[in-house]
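*Asks:* I'd like to ask you about the structure that follows.
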Amino acid sequence: PILQKITIPCHSPAGLIRWHLEQMYGSVTDLENEKGFRVFDTVQVLPLPDSKVDLEWDSDPITDMIADSVVAIILQSSSSGHKPIQD
């Protein structure tokens with residue numbers, strides 16, 4: 001499989017991002033030994049300092065669609081006027 005990675009800007013707190021993703025997918029689990037989480041058991045989401053979020057997933061048509069929607073949800077959450085992540 002091809003590992004895909006993307007870093008996107010985000011001005012929402014990690015908890016709010018997670019809440020939005022849980023509303024869409026229901027299945028959001030914590031990553032072991034990291035401050036991120038995994039969506040639908042496919043897309044890893046790692047909130048970063050400096051108002052950014054890393055996403056990582058093994059590419060295939062289904063996980064690519066999930067990753068696209070995760071990006072859209074994060075960007076929509078970020079545009080809702082919340083302050084930048086303070087980590």
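Each chain in the structure tokens gets a letter, A, B and so on, in the order shown; residues start at 1 in every chain, and ligands are counted from 1 in the order they appear.
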Compile the contact shell of Val28 (chain A) as a list in words: residues with an atom at most 10 Å away, counting only C-alpha atoms, same-chain residues fewer than 6 positions apart removed.
*Replies:*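 After dropping sequence-adjacent residues, the list is Arg18, Trp19, Leu21, Glu22, Phe37, Arg38, Val39, Phe40, Asp41, Thr42, Val43, Gln44 and Val45 of chain A.
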*Asks:* For the structure I just gave you, how does DSSP split chain A - specifically, which residues are strand (DSSP E)? Reply as a list in words.
*Replies:*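 DSSP-assigned strand (DSSP E) residues in chain A: Ile2, Leu3, Gln4, Lys5, Ile6, Thr7, Ile8, Pro9, Val28, Thr29, Asp30, Phe37, Arg38, Val39, Val43, Gln44, Val45, Leu46, Pro47, Leu48, Lys52, Val53, Asp54, Leu55, Glu56, Trp57, Asp58 and Ser59 of chain A.
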*Asks:* As an exercise, work out the distance from CA of Asp68 (chain A) to CA of Thr7 (chain A) in Å and give it to one decimal place.
*Replies:*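 So the two atoms, CA of Asp68 (chain A) and CA of Thr7 (chain A), lie 12.5 Å apart.
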*Asks:* Using only C-alpha atoms for the distances, tell me which of A:Cys10, A:Leu16, A:Leu75, A:Leu31 is nearest to Lys52 (chain A).
*Replies:*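 When distances to Lys52 (chain A) are compared using only C-alpha atoms, the smallest one comes from A:Cys10.
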*Asks:* As an MDAnalysis selection string, please: every residue in chain A that DSSP puts in helix (DSSP H, G or I).
*Replies:* chainID A and resid 14:25 61:78
*Asks:* Env of Pro9 (chain A): 10 Å cut, atoms = only C-alpha atoms, seq-sep filter 3 positions within chain, self excluded. Answer as a list in words.
*Replies:*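 Residues near the query, excluding close chain neighbours: Ser12, Pro47, Leu48, Asp50, Ser51, Lys52, Val53, Asp54, Val71, Ile74, Leu75, Ser78 and Pro84 of chain A.
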*Asks:* In terms of the shortest atom-to-atom distance over only C-alpha atoms, which of A:Ser27, A:Thr63, A:Ser77, A:Asn33 is closest to Gly15 (chain A)?
*Replies:*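 Of A:Ser27, A:Thr63, A:Ser77, A:Asn33, the one nearest Gly15 (chain A), counting only C-alpha atoms, is A:Ser77.
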*Asks:* Can you pull out the residues contacting Asp58 (chain A)? Cut-off 10 Å, using only C-alpha atoms, and skip same-chain residues under 6 positions away; I want them as a list in words.
*Replies:* Pro1, Ile2, Leu3, Gln4, Lys5, Thr42, Val43, Gln44, Asp64 and Ala67 of chain A
*Asks:* Could you please determine the separation between CA of Gly26 (chain A) and CA of Pro49 (chain A) in Å, to one decimal place?
*Replies:* 25.6 Å
*Asks:* Provide the CA of Ile6 (chain A) to CA of Ile73 (chain A) distance in Å, to one decimal place.
*Replies:* 14.4 Å
